[in-house]
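File shown: data33.txt. Contents: compact mmCIF, C-alpha atoms and all ligand atoms.
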# COMPACT_ATOMS: atom_id res chain seq x y z
CA MET B 197 0.00 0.00 0.00
CA THR B 198 1.44 3.39 -0.94
CA SER B 199 0.25 6.99 -0.83
CA ALA B 200 0.13 9.30 -3.90
CA CYS B 201 3.58 10.66 -3.06
CA GLY B 202 5.07 7.21 -2.86
CA GLU B 203 5.44 7.08 0.93
CA PRO B 204 4.06 3.95 2.51
CA VAL B 205 0.59 4.39 3.98
CA HIS B 206 0.30 2.16 7.02
CA ASN B 207 -3.03 0.89 8.26
CA SER B 208 -4.98 3.41 6.20
CA VAL B 209 -8.54 2.82 5.17
CA ILE B 210 -11.59 4.84 4.19
CA MET B 211 -14.83 3.30 5.38
CA GLU B 212 -18.18 4.20 3.94
CA VAL B 213 -20.78 3.25 6.53
CA ALA B 214 -24.51 3.60 7.10
CA GLY B 215 -23.97 6.21 9.81
CA LEU B 216 -21.65 7.78 12.38
CA LEU B 217 -23.02 8.57 15.82
CA ASP B 218 -21.51 9.70 19.11
CA ALA B 219 -22.74 11.63 22.15
CA CYS B 220 -20.62 14.69 21.34
CA GLY B 221 -22.45 16.01 18.28
CA MET B 222 -21.51 13.62 15.50
CA ALA B 223 -24.69 12.30 13.85
CA VAL B 224 -24.52 11.67 10.11
CA ALA B 225 -25.98 9.03 7.82
CA PRO B 226 -24.46 7.85 5.61
CA GLY B 227 -20.94 8.60 6.83
CA ILE B 228 -17.31 8.25 5.95
CA VAL B 229 -14.41 7.72 8.32
CA LEU B 230 -10.75 7.90 7.36
CA ILE B 231 -8.50 5.86 9.60
CA GLU B 232 -4.76 6.30 9.31
CA GLY B 233 -2.03 4.92 11.55
CA GLY B 234 -4.54 3.68 14.12
CA ARG B 235 -6.27 7.08 14.41
CA VAL B 236 -9.36 8.77 13.07
CA ARG B 237 -8.03 11.38 10.65
CA ALA B 238 -11.39 12.56 9.33
CA ALA B 239 -15.05 11.68 9.79
CA GLY B 240 -18.31 13.12 8.53
CA ARG B 241 -20.67 13.16 5.59
CA PRO B 242 -19.28 11.72 2.36
CA GLU B 243 -19.22 15.17 0.71
CA GLU B 244 -17.27 16.65 3.64
CA ILE B 245 -14.28 14.35 3.29
CA GLY B 246 -12.17 15.45 0.33
CA GLY B 247 -8.57 15.42 -0.77
CA VAL B 248 -7.91 11.84 0.23
CA SER B 249 -5.25 9.94 -1.66
CA PRO B 250 -6.80 7.58 -4.21
CA GLU B 251 -4.24 5.03 -3.05
CA ILE B 252 -5.98 4.57 0.28
CA PRO B 253 -8.23 1.53 0.10
CA LYS B 254 -11.98 2.07 0.40
CA VAL B 255 -14.25 -0.31 2.25
CA GLN B 256 -18.01 -0.10 1.93
CA ARG B 257 -19.94 -1.25 5.00
CA HIS B 258 -23.49 -0.03 4.53
CA ASP B 259 -24.56 -2.59 7.12
CA LEU B 260 -22.86 -0.82 10.05
CA LEU B 261 -23.54 2.12 12.35
CA VAL B 262 -20.19 3.32 13.67
CA MET B 263 -19.96 4.60 17.24
CA PRO B 264 -17.16 5.19 19.78
CA GLY B 265 -15.84 2.29 21.85
CA LEU B 266 -18.04 1.81 24.93
CA VAL B 267 -17.45 2.48 28.64
CA ASN B 268 -18.26 -0.21 31.18
CA ALA B 269 -18.12 1.85 34.37
CA HIS B 270 -18.56 -1.11 36.73
CA THR B 271 -17.37 -4.66 36.32
CA HIS B 272 -15.45 -7.37 38.17
CA LEU B 273 -13.14 -8.90 35.57
CA ASP B 274 -11.68 -11.34 38.11
CA LEU B 275 -15.10 -13.03 38.23
CA SER B 276 -14.96 -13.99 34.56
CA GLY B 277 -14.10 -17.63 35.20
CA PRO B 278 -16.58 -20.39 35.94
CA GLY B 279 -18.94 -19.35 38.73
CA PRO B 280 -22.35 -19.69 40.33
CA TRP B 281 -24.99 -19.68 37.60
CA PRO B 282 -27.78 -18.73 37.29
CA PRO B 283 -27.55 -15.58 39.44
CA ALA B 284 -29.00 -15.70 42.89
CA GLY B 285 -32.36 -14.07 42.41
CA ALA B 286 -33.61 -13.27 45.88
CA ASP B 287 -30.89 -15.27 47.65
CA PHE B 288 -28.23 -12.55 47.80
CA ARG B 289 -26.66 -13.98 50.95
CA GLY B 290 -26.24 -17.41 49.38
CA TRP B 291 -24.82 -15.90 46.19
CA VAL B 292 -22.25 -13.84 48.12
CA GLY B 293 -21.25 -17.02 49.93
CA ARG B 294 -20.67 -18.84 46.65
CA VAL B 295 -18.64 -15.93 45.24
CA ARG B 296 -16.53 -15.80 48.43
CA GLU B 297 -15.88 -19.51 48.18
CA LEU B 298 -14.88 -19.10 44.53
CA ARG B 299 -12.46 -16.30 45.38
CA SER B 300 -10.96 -18.13 48.34
CA LYS B 301 -10.08 -21.11 46.13
CA ALA B 302 -8.51 -19.02 43.37
CA ASP B 303 -4.71 -18.94 43.15
CA ALA B 304 -2.69 -16.38 41.18
CA ALA B 305 -2.80 -18.49 37.99
CA SER B 306 -6.56 -18.94 38.02
CA ARG B 307 -7.08 -15.27 38.88
CA ARG B 308 -4.93 -14.33 35.90
CA GLN B 309 -6.92 -16.68 33.68
CA SER B 310 -10.22 -15.16 34.78
CA ILE B 311 -9.04 -11.59 34.35
CA GLU B 312 -7.55 -12.34 30.92
CA ARG B 313 -10.88 -13.86 29.91
CA GLY B 314 -12.68 -10.80 31.28
CA ILE B 315 -10.46 -8.52 29.20
CA GLU B 316 -11.08 -10.64 26.08
CA LEU B 317 -14.84 -10.65 26.66
CA SER B 318 -14.83 -6.88 27.28
CA LEU B 319 -13.01 -6.32 24.00
CA ALA B 320 -15.45 -8.70 22.29
CA GLY B 321 -18.20 -6.41 23.59
CA GLY B 322 -16.73 -3.25 22.07
CA THR B 323 -15.43 -1.91 25.39
CA THR B 324 -12.65 0.64 25.44
CA LEU B 325 -12.82 1.96 29.05
CA VAL B 326 -13.56 -0.01 32.22
CA GLY B 327 -14.12 0.66 35.88
CA ASP B 328 -12.89 -2.69 37.20
CA ILE B 329 -13.18 -3.80 40.82
CA ALA B 330 -10.10 -5.82 41.77
CA GLY B 331 -10.41 -8.38 44.52
CA THR B 332 -7.56 -9.05 46.91
CA PRO B 333 -4.75 -9.27 46.04
CA PRO B 334 -5.18 -6.81 43.18
CA ASP B 335 -1.77 -7.34 41.55
CA GLU B 336 -3.01 -9.43 38.63
CA SER B 337 -5.87 -7.04 37.80
CA ILE B 338 -3.56 -4.03 37.80
CA ASP B 339 -0.79 -5.71 35.79
CA LEU B 340 -3.07 -7.29 33.20
CA LEU B 341 -5.23 -4.22 32.63
CA ARG B 342 -2.18 -2.00 32.31
CA ALA B 343 -0.78 -4.42 29.72
CA SER B 344 -4.06 -4.58 27.77
CA PRO B 345 -5.58 -2.15 25.24
CA LEU B 346 -8.28 -1.23 27.76
CA ARG B 347 -8.12 2.04 29.69
CA GLY B 348 -9.90 3.24 32.79
CA VAL B 349 -9.66 2.64 36.51
CA VAL B 350 -8.84 -0.43 38.60
CA TYR B 351 -10.54 0.08 41.96
CA ILE B 352 -9.01 -2.07 44.69
CA GLU B 353 -11.76 -3.44 46.90
CA PHE B 354 -11.59 -3.17 50.70
CA PHE B 355 -13.66 -4.65 53.50
CA GLY B 356 -13.57 -3.62 57.16
CA ILE B 357 -16.13 -3.19 59.93
CA GLY B 358 -15.60 -2.78 63.65
CA GLN B 359 -12.05 -3.70 64.56
CA GLY B 360 -11.37 -4.44 60.90
CA GLU B 361 -11.69 -0.80 59.88
CA ALA B 362 -8.16 0.22 60.89
CA ALA B 363 -6.58 -2.62 58.90
CA ALA B 364 -8.62 -1.71 55.81
CA SER B 365 -7.52 1.92 56.07
CA ARG B 366 -3.87 0.90 56.44
CA ALA B 367 -4.15 -1.42 53.45
CA MET B 368 -5.59 1.43 51.35
CA GLN B 369 -2.72 3.69 52.30
CA ALA B 370 -0.21 0.97 51.44
CA ALA B 371 -1.85 0.33 48.05
CA CYS B 372 -1.61 4.02 47.15
CA GLU B 373 2.05 4.09 48.11
CA ARG B 374 2.78 0.96 46.09
CA TRP B 375 1.00 1.75 42.83
CA PRO B 376 1.23 5.03 40.92
CA SER B 377 -2.05 6.84 40.41
CA CYS B 378 -1.94 6.36 36.65
CA ASP B 379 0.15 4.21 34.36
CA ARG B 380 -0.42 3.06 30.76
CA GLY B 381 -3.93 4.45 30.63
CA VAL B 382 -5.18 2.84 33.83
CA SER B 383 -5.66 4.78 37.08
CA LEU B 384 -5.64 3.18 40.50
CA GLY B 385 -8.81 3.74 42.50
CA LEU B 386 -10.24 2.60 45.82
CA SER B 387 -13.49 0.80 46.50
CA PRO B 388 -14.78 0.51 50.04
CA HIS B 389 -17.04 -2.41 49.11
CA ALA B 390 -20.35 -1.19 50.58
CA PRO B 391 -21.73 0.65 53.64
CA TYR B 392 -22.60 -2.68 55.28
CA SER B 393 -19.13 -4.18 54.81
CA CYS B 394 -17.04 -1.05 55.47
CA GLY B 395 -17.29 1.18 58.51
CA PRO B 396 -17.27 4.99 58.39
CA THR B 397 -13.52 5.39 58.90
CA VAL B 398 -12.84 3.24 55.82
CA PHE B 399 -14.89 5.64 53.69
CA GLU B 400 -13.12 8.61 55.29
CA SER B 401 -9.71 7.07 54.54
CA ALA B 402 -10.68 6.52 50.90
CA ALA B 403 -11.68 10.19 50.62
CA ASP B 404 -8.38 11.29 52.24
CA LEU B 405 -6.26 9.48 49.68
CA LYS B 406 -7.44 11.52 46.66
CA ARG B 407 -7.86 8.57 44.31
CA PRO B 408 -10.96 7.64 42.28
CA VAL B 409 -13.52 6.13 44.69
CA VAL B 410 -16.54 3.94 44.06
CA THR B 411 -18.80 1.90 46.32
CA HIS B 412 -21.75 -0.45 45.97
CA LEU B 413 -24.65 1.50 47.49
CA ALA B 414 -28.25 0.65 48.38
CA GLU B 415 -28.09 -2.58 46.40
CA THR B 416 -30.56 -4.61 48.49
CA GLN B 417 -33.38 -4.03 50.94
CA ALA B 418 -31.38 -6.13 53.40
CA GLU B 419 -28.59 -3.52 53.27
CA VAL B 420 -31.08 -0.79 54.18
CA GLU B 421 -32.39 -2.89 57.07
CA LEU B 422 -28.90 -3.64 58.40
CA LEU B 423 -27.80 0.01 58.35
CA ARG B 424 -31.05 1.17 59.96
CA SER B 425 -31.48 -1.46 62.66
CA GLY B 426 -28.53 -3.87 62.63
CA THR B 427 -30.80 -6.83 61.84
CA GLY B 428 -31.72 -9.12 58.98
CA ASP B 429 -30.11 -11.37 56.40
CA LEU B 430 -26.93 -9.35 55.96
CA ARG B 431 -26.34 -9.21 59.72
CA GLU B 432 -26.54 -13.02 59.76
CA MET B 433 -24.20 -13.20 56.78
CA LEU B 434 -21.62 -10.96 58.47
CA GLU B 435 -21.99 -12.67 61.84
CA ILE B 436 -22.45 -16.33 60.95
CA ASP B 437 -21.09 -16.84 57.42
CA ILE B 438 -18.13 -14.44 57.55
CA GLY B 439 -17.60 -14.00 61.30
CA VAL B 440 -16.81 -10.27 61.29
CA TRP B 441 -19.82 -8.93 63.20
CA GLY B 442 -19.31 -8.23 66.89
CA ASP B 443 -20.03 -5.73 69.66
CA ASP B 444 -17.42 -3.44 68.13
CA VAL B 445 -19.54 -2.87 65.00
CA GLY B 446 -21.59 0.31 65.10
CA VAL B 447 -25.06 0.52 63.56
CA PRO B 448 -25.49 3.95 61.92
CA GLY B 449 -29.27 3.91 62.37
CA CYS B 450 -29.92 5.52 59.01
CA HIS B 451 -30.27 4.70 55.31
CA PRO B 452 -26.98 3.63 53.60
CA VAL B 453 -26.95 6.81 51.47
CA ASP B 454 -27.13 8.98 54.58
CA ALA B 455 -24.35 6.94 56.17
CA VAL B 456 -21.75 7.52 53.42
CA ILE B 457 -22.83 10.55 51.43
CA ALA B 458 -20.41 12.97 53.16
CA PRO B 459 -17.15 11.03 52.55
CA LEU B 460 -18.34 10.01 49.08
CA GLN B 461 -18.93 13.66 48.23
CA ARG B 462 -15.52 14.61 49.59
CA ALA B 463 -13.94 11.90 47.42
CA GLY B 464 -15.81 13.02 44.28
CA GLY B 465 -16.88 9.40 44.21
CA ALA B 466 -19.46 7.30 42.45
CA ALA B 467 -22.10 4.88 43.70
CA VAL B 468 -22.97 1.60 41.99
CA HIS B 469 -26.51 0.15 41.82
CA GLY B 470 -28.64 2.55 43.91
CA ASN B 471 -31.56 0.15 43.59
CA TRP B 472 -33.17 1.17 46.87
CA LEU B 473 -32.71 4.94 46.97
CA GLU B 474 -35.47 6.99 48.55
CA GLU B 475 -36.98 9.91 46.70
CA ARG B 476 -35.25 12.47 48.93
CA HIS B 477 -31.85 11.02 47.97
CA ILE B 478 -32.18 12.17 44.37
CA ALA B 479 -31.62 15.85 45.24
CA ASP B 480 -29.03 14.94 47.88
CA LEU B 481 -26.91 12.94 45.42
CA VAL B 482 -27.17 15.54 42.66
CA HIS B 483 -26.23 18.29 45.12
CA ALA B 484 -23.27 16.23 46.35
CA GLY B 485 -22.08 15.60 42.78
CA ILE B 486 -22.13 11.85 43.33
CA SER B 487 -22.59 9.93 40.10
CA LEU B 488 -24.44 6.65 39.77
CA VAL B 489 -23.41 3.57 37.85
CA TYR B 490 -26.48 1.53 36.98
CA CYS B 491 -26.11 -2.15 36.04
CA PRO B 492 -29.53 -3.06 34.60
CA ARG B 493 -28.97 -6.76 33.99
CA ALA B 494 -27.40 -7.26 37.42
CA SER B 495 -30.30 -5.43 39.04
CA ALA B 496 -32.72 -7.62 37.10
CA SER B 497 -30.83 -10.79 38.12
CA PHE B 498 -31.24 -9.95 41.79
CA GLY B 499 -34.84 -8.85 41.54
CA HIS B 500 -34.22 -5.09 41.75
CA ALA B 501 -36.03 -4.36 38.50
CA PRO B 502 -39.63 -4.10 37.43
CA PRO B 503 -41.96 -5.50 38.59
CA MET B 504 -40.19 -5.53 42.02
CA LEU B 505 -39.35 -1.85 41.60
CA PRO B 506 -41.90 0.07 39.50
CA THR B 507 -39.04 2.11 38.08
CA HIS B 508 -35.38 2.17 39.02
CA PRO B 509 -34.38 5.50 40.65
CA TRP B 510 -31.75 6.18 37.95
CA GLN B 511 -34.33 7.89 35.76
CA ALA B 512 -35.23 10.37 38.50
CA LEU B 513 -31.56 11.04 39.16
CA HIS B 514 -30.90 11.56 35.46
CA ALA B 515 -33.92 13.86 35.11
CA ALA B 516 -32.66 15.92 38.06
CA GLY B 517 -29.33 16.49 36.30
CA GLY B 518 -27.34 13.70 37.97
CA LEU B 519 -24.65 11.83 36.11
CA VAL B 520 -25.66 8.23 35.38
CA ALA B 521 -23.40 5.74 33.61
CA LEU B 522 -23.85 2.09 32.69
CA GLY B 523 -22.05 -0.94 34.07
CA THR B 524 -22.40 -4.68 33.64
CA ASP B 525 -21.27 -5.89 37.06
CA SER B 526 -19.61 -9.31 36.77
CA LEU B 527 -20.05 -11.91 34.06
CA LEU B 528 -21.85 -13.97 36.71
CA CYS B 529 -24.86 -11.64 36.33
CA LEU B 530 -24.96 -11.64 32.54
CA ASP B 531 -26.86 -13.56 29.87
CA THR B 532 -24.15 -13.10 27.22
CA PRO B 533 -21.40 -15.68 27.83
CA ASP B 534 -19.47 -14.51 24.73
CA ARG B 535 -19.05 -10.87 25.77
CA ILE B 536 -19.17 -8.30 28.55
CA SER B 537 -20.77 -5.21 27.05
CA VAL B 538 -22.87 -2.25 28.07
CA LEU B 539 -24.34 -2.45 24.56
CA ASP B 540 -26.49 -5.25 26.00
CA GLU B 541 -27.45 -3.03 28.94
CA MET B 542 -28.53 -0.37 26.43
CA ARG B 543 -30.57 -3.01 24.63
CA LEU B 544 -32.34 -4.08 27.81
CA LEU B 545 -33.25 -0.49 28.72
CA SER B 546 -34.38 0.25 25.18
CA GLN B 547 -36.47 -2.89 24.80
CA ARG B 548 -37.87 -3.09 28.35
CA ASP B 549 -38.22 0.55 29.36
CA ALA B 550 -38.28 2.38 25.98
CA ILE B 551 -35.36 4.64 27.00
CA PRO B 552 -34.31 6.79 24.00
CA GLY B 553 -31.18 5.64 22.18
CA ASP B 554 -29.35 8.97 22.46
CA THR B 555 -29.76 8.94 26.26
CA LEU B 556 -28.38 5.40 26.37
CA LEU B 557 -25.43 6.20 24.10
CA ALA B 558 -24.44 9.12 26.36
CA MET B 559 -24.67 6.87 29.43
CA ALA B 560 -22.53 4.23 27.71
CA THR B 561 -19.85 6.66 26.54
CA VAL B 562 -19.37 10.22 27.85
CA SER B 563 -21.07 9.68 31.23
CA GLY B 564 -18.99 6.57 31.85
CA ALA B 565 -15.80 8.40 30.87
CA SER B 566 -16.71 11.19 33.28
CA VAL B 567 -17.24 8.72 36.15
CA LEU B 568 -13.79 7.27 35.43
CA GLY B 569 -12.18 10.72 35.17
CA VAL B 570 -11.25 10.24 31.52
CA ASP B 571 -11.45 12.95 28.84
CA SER B 572 -14.59 12.56 26.74
CA ALA B 573 -12.46 12.89 23.57
CA LYS B 574 -11.57 9.23 24.12
CA VAL B 575 -15.21 8.30 23.44
CA GLN B 576 -15.86 10.71 20.61
CA ILE B 577 -15.51 9.97 16.88
CA GLY B 578 -12.36 12.05 16.41
CA PRO B 579 -8.56 11.93 16.51
CA GLU B 580 -8.39 11.08 20.23
CA ALA B 581 -10.89 8.21 20.06
CA SER B 582 -9.55 5.15 21.82
CA GLY B 583 -11.61 2.89 19.54
CA LEU B 584 -14.55 2.77 17.17
CA ILE B 585 -17.14 0.01 16.94
CA GLY B 586 -19.45 -0.96 14.11
CA CYS B 587 -22.89 -2.35 14.95
CA PRO B 588 -25.08 -4.26 12.51
CA ILE B 589 -28.23 -2.42 11.39
CA GLY B 590 -29.77 -5.00 9.07
CA ASP B 591 -31.31 -3.30 6.06
CA GLY B 592 -31.61 0.17 7.67
CA PHE B 593 -29.25 1.91 5.22
CA GLY B 594 -30.66 5.34 4.34
CA GLU B 595 -32.31 6.00 7.70
CA THR B 596 -31.35 8.72 10.21
CA PRO B 597 -28.53 8.06 12.70
CA LEU B 598 -30.94 7.71 15.63
CA ALA B 599 -33.19 5.34 13.65
CA LEU B 600 -30.08 3.27 12.92
CA LEU B 601 -29.27 3.20 16.64
CA ASP B 602 -32.81 1.98 17.36
CA ARG B 603 -32.19 -0.85 14.90
CA VAL B 604 -28.92 -1.73 16.67
CA LEU B 605 -30.72 -1.77 20.03
CA ALA B 606 -33.47 -4.02 18.70
CA ARG B 607 -30.91 -6.65 17.63
CA GLN B 608 -28.64 -8.98 19.60
CA GLU B 609 -25.34 -9.27 17.69
CA PRO B 610 -22.03 -8.23 19.26
CA PRO B 611 -20.31 -5.17 17.80
CA GLU B 612 -17.19 -5.42 15.68
CA TRP B 613 -14.10 -3.22 15.88
CA VAL B 614 -13.74 -0.67 13.11
CA LEU B 615 -10.77 0.84 14.96
CA PRO B 616 -9.60 -1.37 17.82
CA PRO B 617 -8.23 0.29 20.96
CA GLN B 618 -4.45 0.50 21.04
CA LYS B 619 -2.29 -0.61 23.91
CA VAL B 620 -1.18 2.46 25.86
CA LEU B 621 2.58 2.39 26.18
CA LYS B 622 3.16 5.41 28.37
CA GLN B 623 1.44 7.58 30.94
CA ASP B 624 -0.61 9.53 28.45
CA ILE B 625 -3.99 9.75 30.07
CA PRO B 626 -4.65 13.03 31.78
CA THR B 627 -7.36 12.39 34.35
CA LYS B 628 -8.94 14.52 37.00
CA PHE B 629 -7.22 12.44 39.67
ZN ZN V 1 -20.18 -4.94 41.67
Would you mind writing the structure in this file as structure tokens?
Amino acid sequence: MTSACGEPVHNSVIMEVAGLLDACGMAVAPGIVLIEGGRVRAAGRPEEIGGVSPEIPKVQRHDLLVMPGLVNAHTHLDLSGPGPWPPAGADFRGWVGRVRELRSKADAASRRQSIERGIELSLAGGTTLVGDIAGTPPDESIDLLRASPLRGVVYIEFFGIGQGEAAASRAMQAACERWPSCDRGVSLGLSPHAPYSCGPTVFESAADLKRPVVTHLAETQAEVELLRSGTGDLREMLEIDIGVWGDDVGVPGCHPVDAVIAPLQRAGGAAVHGNWLEERHIADLVHAGISLVYCPRASASFGHAPPMLPTHPWQALHAAGGLVALGTDSLLCLDTPDRISVLDEMRLLSQRDAIPGDTLLAMATVSGASVLGVDSAKVQIGPEASGLIGCPIGDGFGETPLALLDRVLARQEPPEWVLPPQKVLKQDIPTKF
């Protein structure tokens, strides 16, 4: 392959596609994208792209809508090996027990295998940025993600209630001293697991350390009961199954959101799930600048979706101006064994709840990038894009970009890479952390 001036043209291609769509203003159909040297050099309507060397090969893909690579703002890649299936339904305590057993049996080699599979499945799902929760020890997650083409944040998970709080805080401090905040496109974040498994000083320590912070919040009714009254299924799990509940554990006597909102606000953190928020929390969370990562299929697996909840609170939060991104949670909650993708979360919300496609695309790209502290240019069809996906549209050629997206969301196929994400070789990812 050579250019008009005789210089070699590496990895250059012009693609004519049914449409180009992102959440930053690009919406054309049909569209053309010029990819050169692993980067988007030009994109737009066919008549807008001129002066391209005739030597550059043209590919016609009128069956694809091209969009930015997707952001999975909450996943657990180390749970991508064999695991408890189907998901627990109402038996959250039993499911946690099976996951704990799985993790306790895993050695470094099997953890690596699971994480590598999780990375492969994420890439198969068109993912370019992840918010990954790393179990303990987190070494494999950090090393493998930093060596992969994925970008984002690895949040190390911590547990500690009662007397265990001090050890969790010390471990957080040690992790921050050991790993740089950002390397090869992946930042190091902290995840106090949840308000029922981490005491208040653990959340305060996370906020002190100035790293990205995320926590599971208001996931189950049992969590609300435990925080309010110190009773119920989760109390039994902590006391009997795990053996960490004792007289030294304080009961906050309030809803989980009220228990952690102050340190989470101080950390600029995000909350995952939020299935059992109360109406008053919507304004509180928006005011505190706390974003929400919603995992629709995980919520459905555990019975936190219609008809159990008439509507999930994410819509109220979004309508009030809150930032809401999409996550998948672990592969153990998903019905797509061949991929881990928020495209399938978009499909569920489109098909089940009739959420508009442009809202979903923003949640799956720019909102997710914002939660992870990554520049939205990485999820925009432009020179900084860290990947572009093509999604099958059937025979929709000629329709508007949003009509093409509706077609994508009505189908089930995985996306394909039009421009795969590149491995990040140096510390090139300016983040807010
Ligand atoms: Zn999770």
Exercise: B:Phe355 partners within 9 Å, all atoms listed in the file, chain neighbours under 4 positions left out, as a list in words | Gly360, Glu361, Ala364, Ser387, Pro388, His389, Ala390, Ser393, Cys394, Gly395 and Val398 of chain B
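For ligand ZN 1 (chain V), the protein and nucleic acid residues at most 7 Å away, judged by only C-alpha atoms and all ligand atoms, amount to His270, Thr271, His272, His412, Asp525 and Ser526 of chain B.
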So which residues touch B:Glu353 within 10 Å, counting all atoms listed in the file, skipping near sequence neighbours fewer than 4 positions away, as a ChimeraX atom specification?
-> /B:328-334,364,368,385-390,409-411
Using all atoms listed in the file: which of B:Leu568, B:Leu266, B:Val575, B:Leu413 has the shortest distance to B:Val350 = B:Leu568
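Using only C-alpha atoms, the shortest contact distance between B:Asp429 and any of B:Leu528, B:Leu384, B:Ala362, B:Val292 is found at B:Val292.
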Exercise: residues within 7 Å of coordinate (-32.0, 0.1, 41.6), counting only C-alpha atoms, as a list of chain:residue names = B:Glu415, B:His469, B:Gly470, B:Asn471, B:Trp472, B:Ser495, B:His500, B:Ala501, B:His508, B:Pro509
Keeping C-alpha atoms for every residue in the selection just given, could you write it to a file as a PDB file, in the coordinates of the input?
ATOM      1  CA  GLU B 415     -28.090  -2.580  46.400  1.00  0.00           C
ATOM      2  CA  HIS B 469     -26.510   0.150  41.820  1.00  0.00           C
ATOM      3  CA  GLY B 470     -28.640   2.550  43.910  1.00  0.00           C
ATOM      4  CA  ASN B 471     -31.560   0.150  43.590  1.00  0.00           C
ATOM      5  CA  TRP B 472     -33.170   1.170  46.870  1.00  0.00           C
ATOM      6  CA  SER B 495     -30.300  -5.430  39.040  1.00  0.00           C
ATOM      7  CA  HIS B 500     -34.220  -5.090  41.750  1.00  0.00           C
ATOM      8  CA  ALA B 501     -36.030  -4.360  38.500  1.00  0.00           C
ATOM      9  CA  HIS B 508     -35.380   2.170  39.020  1.00  0.00           C
ATOM     10  CA  PRO B 509     -34.380   5.500  40.650  1.00  0.00           C
TER      11      PRO B 509
END
Since the input lacks some atoms of stretch 361-374 of chain B, please model N, CA and C atoms and print them as a compact mmCIF listing (two decimals), in the frame of the given file.
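See part-v3.txt below for the written result:
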# COMPACT_ATOMS: atom_id res chain seq x y z
N GLU B 361 -11.77 -2.05 60.63
CA GLU B 361 -11.69 -0.80 59.88
C GLU B 361 -10.25 -0.27 59.78
N ALA B 362 -9.53 -0.34 60.88
CA ALA B 362 -8.16 0.22 60.89
C ALA B 362 -7.28 -0.51 59.89
N ALA B 363 -7.41 -1.85 59.84
CA ALA B 363 -6.58 -2.62 58.90
C ALA B 363 -6.93 -2.27 57.46
N ALA B 364 -8.22 -2.07 57.17
CA ALA B 364 -8.62 -1.71 55.81
C ALA B 364 -8.04 -0.35 55.43
N SER B 365 -8.07 0.58 56.36
CA SER B 365 -7.52 1.92 56.07
C SER B 365 -6.01 1.85 55.85
N ARG B 366 -5.32 1.05 56.64
CA ARG B 366 -3.87 0.90 56.44
C ARG B 366 -3.57 0.25 55.10
N ALA B 367 -4.37 -0.74 54.73
CA ALA B 367 -4.15 -1.42 53.45
C ALA B 367 -4.38 -0.46 52.27
N MET B 368 -5.35 0.43 52.40
CA MET B 368 -5.59 1.43 51.35
C MET B 368 -4.39 2.34 51.18
N GLN B 369 -3.89 2.80 52.31
CA GLN B 369 -2.72 3.69 52.30
C GLN B 369 -1.55 2.98 51.63
N ALA B 370 -1.33 1.72 51.99
CA ALA B 370 -0.21 0.97 51.44
C ALA B 370 -0.38 0.77 49.93
N ALA B 371 -1.60 0.53 49.49
CA ALA B 371 -1.85 0.33 48.05
C ALA B 371 -1.51 1.60 47.28
N CYS B 372 -1.88 2.75 47.84
CA CYS B 372 -1.61 4.02 47.15
C CYS B 372 -0.12 4.30 47.10
N GLU B 373 0.60 3.88 48.13
CA GLU B 373 2.05 4.09 48.11
C GLU B 373 2.72 3.15 47.12
N ARG B 374 2.14 1.96 46.95
CA ARG B 374 2.78 0.96 46.09
C ARG B 374 2.55 1.22 44.61
